[in-house]
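Trainee: What follows is my_file-v2.txt, compact mmCIF, C-alpha atoms and all ligand atoms.
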# COMPACT_ATOMS: atom_id res chain seq x y z
CA MET A 1 0.00 0.00 0.00
CA ARG A 2 1.21 3.50 -0.81
CA ILE A 3 0.53 6.36 1.57
CA LEU A 4 1.19 9.91 0.42
CA ALA A 5 2.02 12.20 3.36
CA VAL A 6 2.09 15.97 3.12
CA SER A 7 3.06 18.65 5.61
CA GLY A 8 1.32 22.01 5.58
CA SER A 9 4.40 23.75 7.00
CA LEU A 10 7.23 25.08 4.85
CA ARG A 11 9.40 25.73 7.93
CA ALA A 12 12.73 23.87 7.85
CA ALA A 13 12.40 22.53 11.42
CA SER A 14 8.65 21.96 11.12
CA SER A 15 7.00 19.71 13.70
CA ASN A 16 4.45 18.64 11.11
CA SER A 17 7.14 17.70 8.60
CA ARG A 18 9.05 15.77 11.26
CA ALA A 19 5.84 13.93 12.19
CA ILE A 20 5.30 12.64 8.66
CA GLN A 21 9.01 11.81 8.31
CA ALA A 22 8.66 9.69 11.47
CA LEU A 23 5.52 8.14 9.99
CA ALA A 24 7.59 7.07 6.98
CA LEU A 25 10.23 5.53 9.23
CA LEU A 26 7.56 3.54 11.08
CA ALA A 27 5.85 2.11 8.01
CA PRO A 28 5.48 -1.66 8.38
CA ALA A 29 6.34 -4.15 5.66
CA GLY A 30 4.00 -3.76 2.75
CA VAL A 31 3.32 -0.08 3.49
CA GLU A 32 5.29 2.64 1.74
CA VAL A 33 5.03 6.28 2.86
CA GLU A 34 5.98 8.80 0.20
CA ILE A 35 6.41 12.39 1.37
CA TRP A 36 5.11 15.09 -0.97
CA ARG A 37 7.42 18.10 -0.80
CA GLY A 38 6.04 20.22 -3.62
CA LEU A 39 3.23 22.02 -1.81
CA GLY A 40 5.12 25.31 -1.61
CA GLU A 41 5.72 25.34 -5.36
CA LEU A 42 2.09 25.11 -6.37
CA PRO A 43 0.60 28.25 -7.92
CA PHE A 44 -2.16 29.97 -5.98
CA PHE A 45 -5.42 28.28 -6.82
CA ASN A 46 -7.22 30.12 -9.59
CA PRO A 47 -10.19 28.58 -11.43
CA ASP A 48 -8.93 30.26 -14.60
CA LEU A 49 -5.83 28.05 -14.39
CA ASP A 50 -7.89 24.96 -13.51
CA ILE A 51 -8.02 23.88 -17.15
CA ASP A 52 -6.68 21.04 -19.27
CA PRO A 53 -3.72 20.75 -19.30
CA ALA A 54 -3.25 21.79 -15.69
CA PRO A 55 -0.09 23.69 -14.68
CA ALA A 56 2.76 21.15 -14.50
CA ARG A 57 3.18 21.34 -10.72
CA VAL A 58 -0.54 20.95 -10.18
CA ALA A 59 -0.58 17.95 -12.51
CA ALA A 60 2.28 16.39 -10.52
CA TRP A 61 0.47 16.96 -7.22
CA ARG A 62 -2.75 15.46 -8.56
CA ALA A 63 -0.86 12.49 -10.05
CA ALA A 64 0.81 11.81 -6.70
CA VAL A 65 -2.55 11.78 -4.92
CA GLU A 66 -4.05 9.67 -7.69
CA ALA A 67 -1.25 7.11 -7.33
CA CYS A 68 -1.61 6.68 -3.57
CA ASP A 69 -3.93 4.39 -1.62
CA ALA A 70 -4.32 6.89 1.21
CA LEU A 71 -3.46 10.52 1.92
CA VAL A 72 -2.11 11.76 5.27
CA ILE A 73 -2.08 15.47 6.07
CA SER A 74 -0.22 17.15 8.92
CA SER A 75 -0.72 20.89 9.01
CA PRO A 76 -0.19 23.71 11.49
CA GLU A 77 -2.82 26.15 12.62
CA TYR A 78 -2.21 29.80 11.78
CA ALA A 79 -4.57 32.43 13.21
CA HIS A 80 -7.16 29.76 13.98
CA GLY A 81 -7.15 28.50 10.38
CA VAL A 82 -5.56 25.78 8.28
CA ALA A 83 -2.17 26.86 6.92
CA GLY A 84 -2.79 28.63 3.60
CA VAL A 85 -0.31 26.49 1.70
CA MET A 86 -2.21 23.35 2.74
CA LYS A 87 -5.61 24.81 1.88
CA ASN A 88 -4.20 25.89 -1.48
CA GLY A 89 -3.04 22.34 -2.16
CA LEU A 90 -6.46 20.97 -1.25
CA ASP A 91 -8.23 23.53 -3.45
CA TRP A 92 -6.32 22.19 -6.46
CA LEU A 93 -7.72 18.71 -5.76
CA VAL A 94 -11.38 19.70 -5.55
CA SER A 95 -12.28 19.66 -9.24
CA HIS A 96 -10.03 16.79 -10.28
CA PRO A 97 -12.00 13.62 -10.91
CA GLY A 98 -11.03 10.33 -9.34
CA LEU A 99 -9.56 11.64 -6.10
CA HIS A 100 -12.68 11.70 -3.97
CA GLU A 101 -12.48 8.04 -3.03
CA THR A 102 -8.95 8.38 -1.61
CA PRO A 103 -8.97 7.52 2.12
CA VAL A 104 -7.64 10.48 4.07
CA ALA A 105 -6.29 11.02 7.59
CA VAL A 106 -4.91 13.91 9.60
CA ILE A 107 -2.04 14.12 12.07
CA ASN A 108 -2.18 16.95 14.58
CA ALA A 109 1.50 17.51 15.42
CA THR A 110 1.06 20.83 17.23
CA PRO A 111 -1.97 20.59 19.52
CA PRO A 112 -4.30 22.07 20.44
CA GLY A 113 -4.85 23.59 16.97
CA ASP A 114 -8.55 22.87 17.50
CA TYR A 115 -9.76 25.45 15.00
CA ALA A 116 -7.57 24.19 12.15
CA GLN A 117 -8.44 20.58 12.97
CA ALA A 118 -12.15 21.38 12.83
CA HIS A 119 -11.79 23.38 9.59
CA MET A 120 -9.69 20.64 8.05
CA ARG A 121 -12.21 17.97 8.97
CA ASP A 122 -14.97 20.08 7.42
CA ASN A 123 -12.93 20.70 4.23
CA LEU A 124 -11.99 17.05 3.89
CA SER A 125 -15.51 15.76 4.50
CA VAL A 126 -16.66 17.84 1.52
CA MET A 127 -13.81 16.64 -0.69
CA PHE A 128 -13.32 12.99 0.27
CA THR A 129 -15.76 10.16 0.90
CA THR A 130 -13.57 8.27 3.38
CA LEU A 131 -12.18 10.01 6.44
CA VAL A 132 -10.27 7.30 8.30
CA GLU A 133 -11.23 8.32 11.83
CA ALA A 134 -8.91 5.83 13.55
CA ALA A 135 -6.02 7.44 11.70
CA PHE A 136 -6.83 10.96 12.91
CA VAL A 137 -4.15 11.14 15.60
CA THR A 138 -2.30 13.64 17.74
CA VAL A 139 1.45 13.49 18.33
CA ASN A 140 2.51 16.46 20.40
CA LEU A 141 5.70 17.94 18.94
CA ARG A 142 4.90 21.56 19.76
CA GLY A 143 8.05 23.21 21.05
CA ARG A 144 10.02 19.97 20.80
CA SER A 145 13.03 19.33 18.61
CA GLU A 146 13.28 15.54 18.24
CA THR A 147 14.46 14.28 14.88
CA PRO A 148 12.18 11.96 12.91
CA ALA A 149 14.34 9.03 14.03
CA GLN A 150 14.01 10.08 17.67
CA ILE A 151 10.25 10.44 17.30
CA ALA A 152 10.04 7.00 15.73
CA ALA A 153 12.14 5.53 18.56
CA ASP A 154 10.10 7.15 21.35
CA PRO A 155 7.28 4.80 22.43
CA ALA A 156 4.94 7.59 23.51
CA LEU A 157 5.48 9.75 20.42
CA SER A 158 5.42 6.89 17.95
CA ALA A 159 2.32 5.14 19.34
CA PRO A 160 -0.23 7.43 17.64
CA LEU A 161 1.73 7.26 14.39
CA ARG A 162 1.73 3.46 14.53
CA GLN A 163 -2.01 3.60 15.22
CA ALA A 164 -2.54 5.73 12.13
CA LEU A 165 -0.45 3.38 9.99
CA ASN A 166 -2.35 0.34 11.25
CA ALA A 167 -5.72 1.97 10.60
CA LEU A 168 -4.67 2.99 7.08
CA ALA A 169 -3.14 -0.43 6.34
CA GLN A 170 -6.54 -1.96 7.04
CA MET A 171 -7.96 0.15 4.21
CA GLY A 172 -5.53 -1.38 1.71
C1 LIG A 201 1.73 33.56 12.43
C2 LIG A 201 1.46 32.37 13.30
C3 LIG A 201 0.17 32.14 13.75
C4 LIG A 201 -0.11 31.05 14.57
N1 LIG A 201 -1.39 30.83 14.96
C5 LIG A 201 -1.67 29.75 15.73
C6 LIG A 201 -3.01 29.48 16.14
O1 LIG A 201 -3.95 30.19 15.81
N2 LIG A 201 -3.23 28.39 16.89
C7 LIG A 201 -2.22 27.53 17.27
O2 LIG A 201 -2.50 26.54 17.93
N3 LIG A 201 -0.95 27.78 16.91
C8 LIG A 201 -0.65 28.86 16.15
N4 LIG A 201 0.62 29.10 15.76
C9 LIG A 201 1.67 28.20 16.20
C10 LIG A 201 2.01 27.17 15.15
O3 LIG A 201 0.92 26.30 14.94
C11 LIG A 201 3.22 26.41 15.64
O4 LIG A 201 4.33 27.32 15.56
C12 LIG A 201 3.51 25.17 14.87
O5 LIG A 201 4.64 24.57 15.47
C13 LIG A 201 3.81 25.42 13.43
O6 LIG A 201 3.97 24.18 12.77
P1 LIG A 201 5.39 23.67 12.27
O7 LIG A 201 6.23 23.41 13.50
O8 LIG A 201 5.08 22.41 11.54
O9 LIG A 201 5.99 24.72 11.41
C14 LIG A 201 0.94 30.17 14.95
C15 LIG A 201 2.24 30.41 14.48
C16 LIG A 201 2.50 31.49 13.66
C17 LIG A 201 3.90 31.71 13.15
Write the structure described by the file as structure tokens, please.
Mentor:
Amino acid sequence: MRILAVSGSLRAASSNSRAIQALALLAPAGVEVEIWRGLGELPFFNPDLDIDPAPARVAAWRAAVEACDALVISSPEYAHGVAGVMKNGLDWLVSHPGLHETPVAVINATPPGDYAQAHMRDNLSVMFTTLVEAAFVTVNLRGRSETPAQIAADPALSAPLRQALNALAQMG
């Protein structure tokens, strides 16, 4: 099974990016986690550009989602909203056919972030048919500096990530 994981933070030391990197390290046999790093290079969503052929970077993003068996999002909250770069990425998926059946899950790496989590859930429930509730997990990396390997090796930090992987693997 192929999981595509994407971080909504462009920050070099991002907690959300480290969370999905740890997720990749924890993937069991038969599960591959690919990290999508192109979110910051997408153009701003504009329906006038949402034509065939799509801009190359948009086409690559859509192809990556199309090729995966499940999508995992980990995004910070900014001013009580979902990070703009993440929302922009999601907006480019809305009109593309064939993506709505992709199972999707969310990691909250910087709790509480309650507003962004609620907005994200609302956005995703409009866009995707299958929200994998058991793979909506919190791993608290706010203000912490562990590397992905350290997160993966820490039983308390890795447990929710393992739970998400197990729940997603059952979808495969
Ligand atoms: C401009 C700005 C606004 C923020 N707004 C919120 C917020 O509304 N709620 C919250 O929980 N955290 C907020 N934060 C904190 C970020 O969520 C936190 O720094 C988080 O670690 C960012 O994710 P990252 O480590 O993956 O980059 C804000 C941070 C910045 C820089």
Trainee: Under the rule that only C-alpha atoms are counted, which of A:Ala5, A:Ala13, A:Ala79, A:Ile51 is the nearest residue to Ala64 (chain A)?
Mentor: A:Ala5
Trainee: Which value, in Å to one decimal, gives the distance between CA of Leu42 (chain A) and CA of Pro55 (chain A)?
Mentor: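 Between CA of Leu42 (chain A) and CA of Pro55 (chain A) the gap works out to 8.7 Å.
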Trainee: Please produce, as a tab-separated table, a per-residue contact table for chain A versus ligand LIG 201 (chain A) (criterion: any atom at most 6 Å away, all atoms listed in the file considered), showing the nearest atom pair and its distance in Å to one decimal, sorted by chain then residue number.
Mentor:
residue	atom	partner	partner_atom	distance
A:Ser9	CA	A:LIG201	O8	4.8
A:Arg11	CA	A:LIG201	O9	5.0
A:Ser14	CA	A:LIG201	O8	3.6
A:Ser15	CA	A:LIG201	O7	3.8
A:Asn16	CA	A:LIG201	O8	3.8
A:Ser17	CA	A:LIG201	O8	5.9
A:Pro76	CA	A:LIG201	O6	4.4
A:Glu77	CA	A:LIG201	O3	4.4
A:Tyr78	CA	A:LIG201	N1	3.4
A:Ala79	CA	A:LIG201	O1	3.5
A:His80	CA	A:LIG201	O1	3.7
A:Thr110	CA	A:LIG201	O5	5.5
A:Pro112	CA	A:LIG201	O2	5.4
A:Gly113	CA	A:LIG201	O2	3.9
A:Arg142	CA	A:LIG201	O5	5.2
Trainee: Ranking A:Trp92, A:Val65, A:Glu101, A:Ser75 by minimum distance to Gln117 (chain A) and counting all atoms listed in the file, which one comes first?
Mentor: A:Ser75
Trainee: Take CA of Asp114 (chain A) and CA of Ala152 (chain A) and report the distance between them in Å, one decimal.
Mentor: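 A separation of 24.5 Å between them.
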Trainee: Neighbours of Ala60 (chain A) within 12 Å (all atoms listed in the file; same-chain residues fewer than 3 positions away dropped), as a ChimeraX atom specification?
Mentor: /A:36-39,41-42,53-57,63-67,89,92-93
Trainee: I'd like to know which of A:Pro28, A:Pro103, A:Gly8, A:Pro111 is closest to Gly143 (chain A), using all atoms listed in the file.
Mentor: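 Looking only at the distances to Gly143 (chain A), the closest residue turns out to be A:Pro111.
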Trainee: Considering all atoms listed in the file, state which residue in the set A:His100, A:Thr147, A:Val82, A:Ile3 is at the smallest distance from Ala118 (chain A).
Mentor: A:Val82
Trainee: Using only C-alpha atoms, pick whichever of A:Ala19, A:Glu34, A:Leu131, A:Asp154 has the shortest atom-to-atom distance to Leu4 (chain A).
Mentor: A:Glu34
Trainee: Name the residues within 12 Å of (2.2, 2.2, 15.7), counting only C-alpha atoms in the file's coordinates, and put them as an MDAnalysis selection string.
Mentor: chainID A and resid 22:28 134:135 137 139 151:169
Trainee: Using Å and a single decimal, report how far CA of Ala29 (chain A) sits from CA of Cys68 (chain A).
Mentor: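 We find that CA of Cys68 (chain A) and CA of Ala29 (chain A) lie 16.3 Å from each other.
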Trainee: Between A:Val72, A:Ala59, A:Val33, A:Val104, which residue has the minimum interatomic distance to Met127 (chain A), considering all atoms listed in the file?
Mentor: A:Val104
Trainee: Report, as JSON, the centre and edge lengths in Å (one decimal) of the axis-aligned box enclosing every listed atom of region 54-63 of chain A, padded by 6 Å on each side.
Mentor:
{"center_x": 0.0, "center_y": 18.1, "center_z": -11.5, "size_x": 18.4, "size_y": 23.2, "size_z": 20.5}
Trainee: Working from the structure I just supplied, which lacks atoms in region 153-164 of chain A, can you model all heavy atoms there and output them as a short mmCIF file (atom, residue, chain, number, x, y, z; two decimals), in the frame of the given file?
Mentor:
data_model
loop_
_atom_site.label_atom_id
_atom_site.label_comp_id
_atom_site.auth_asym_id
_atom_site.auth_seq_id
_atom_site.Cartn_x
_atom_site.Cartn_y
_atom_site.Cartn_z
N ALA A 153 11.60 6.41 17.51
CA ALA A 153 12.14 5.53 18.56
C ALA A 153 11.48 5.75 19.91
O ALA A 153 11.68 4.95 20.83
CB ALA A 153 13.65 5.74 18.67
N ASP A 154 10.73 6.82 20.07
CA ASP A 154 10.10 7.15 21.35
C ASP A 154 8.73 6.46 21.42
O ASP A 154 7.85 6.76 20.61
CB ASP A 154 9.94 8.67 21.45
CG ASP A 154 9.36 9.12 22.78
OD1 ASP A 154 8.30 8.57 23.19
OD2 ASP A 154 9.95 10.01 23.40
N PRO A 155 8.54 5.56 22.39
CA PRO A 155 7.28 4.80 22.43
C PRO A 155 6.05 5.69 22.51
O PRO A 155 5.05 5.42 21.83
CB PRO A 155 7.44 3.93 23.69
CG PRO A 155 8.90 3.83 23.90
CD PRO A 155 9.49 5.12 23.43
N ALA A 156 6.13 6.75 23.33
CA ALA A 156 4.94 7.59 23.51
C ALA A 156 4.64 8.41 22.25
O ALA A 156 3.48 8.55 21.85
CB ALA A 156 5.14 8.53 24.71
N LEU A 157 5.69 8.93 21.62
CA LEU A 157 5.48 9.75 20.42
C LEU A 157 5.09 8.90 19.21
O LEU A 157 4.31 9.32 18.37
CB LEU A 157 6.74 10.56 20.10
CG LEU A 157 7.13 11.66 21.11
CD1 LEU A 157 8.45 12.30 20.71
CD2 LEU A 157 6.03 12.72 21.21
N SER A 158 5.67 7.71 19.15
CA SER A 158 5.42 6.89 17.95
C SER A 158 4.10 6.13 18.00
O SER A 158 3.57 5.75 16.95
CB SER A 158 6.57 5.89 17.74
OG SER A 158 6.65 4.99 18.82
N ALA A 159 3.54 5.95 19.22
CA ALA A 159 2.32 5.14 19.34
C ALA A 159 1.18 5.67 18.46
O ALA A 159 0.55 4.89 17.73
CB ALA A 159 1.90 5.03 20.80
N PRO A 160 0.87 6.97 18.51
CA PRO A 160 -0.23 7.43 17.64
C PRO A 160 0.09 7.29 16.16
O PRO A 160 -0.82 7.06 15.35
CB PRO A 160 -0.41 8.89 18.05
CG PRO A 160 0.77 9.26 18.86
CD PRO A 160 1.35 8.02 19.41
N LEU A 161 1.37 7.42 15.80
CA LEU A 161 1.73 7.26 14.39
C LEU A 161 1.55 5.81 13.96
O LEU A 161 1.06 5.53 12.85
CB LEU A 161 3.17 7.73 14.17
CG LEU A 161 3.44 9.21 14.48
CD1 LEU A 161 4.93 9.52 14.36
CD2 LEU A 161 2.62 10.11 13.55
N ARG A 162 1.95 4.88 14.83
CA ARG A 162 1.73 3.46 14.53
C ARG A 162 0.23 3.17 14.40
O ARG A 162 -0.21 2.41 13.53
CB ARG A 162 2.32 2.58 15.64
CG ARG A 162 3.84 2.55 15.67
CD ARG A 162 4.31 1.57 16.75
NE ARG A 162 5.68 1.82 17.13
CZ ARG A 162 6.74 1.37 16.46
NH1 ARG A 162 6.56 0.64 15.38
NH2 ARG A 162 7.97 1.64 16.87
N GLN A 163 -0.55 3.79 15.28
CA GLN A 163 -2.01 3.60 15.22
C GLN A 163 -2.55 4.06 13.87
O GLN A 163 -3.37 3.37 13.24
CB GLN A 163 -2.69 4.38 16.34
CG GLN A 163 -4.22 4.25 16.32
CD GLN A 163 -4.90 5.20 17.29
OE1 GLN A 163 -4.43 5.42 18.40
NE2 GLN A 163 -6.02 5.78 16.87
N ALA A 164 -2.07 5.21 13.42
CA ALA A 164 -2.54 5.73 12.13
C ALA A 164 -2.15 4.78 11.00
O ALA A 164 -2.96 4.48 10.11
CB ALA A 164 -1.96 7.12 11.89
#
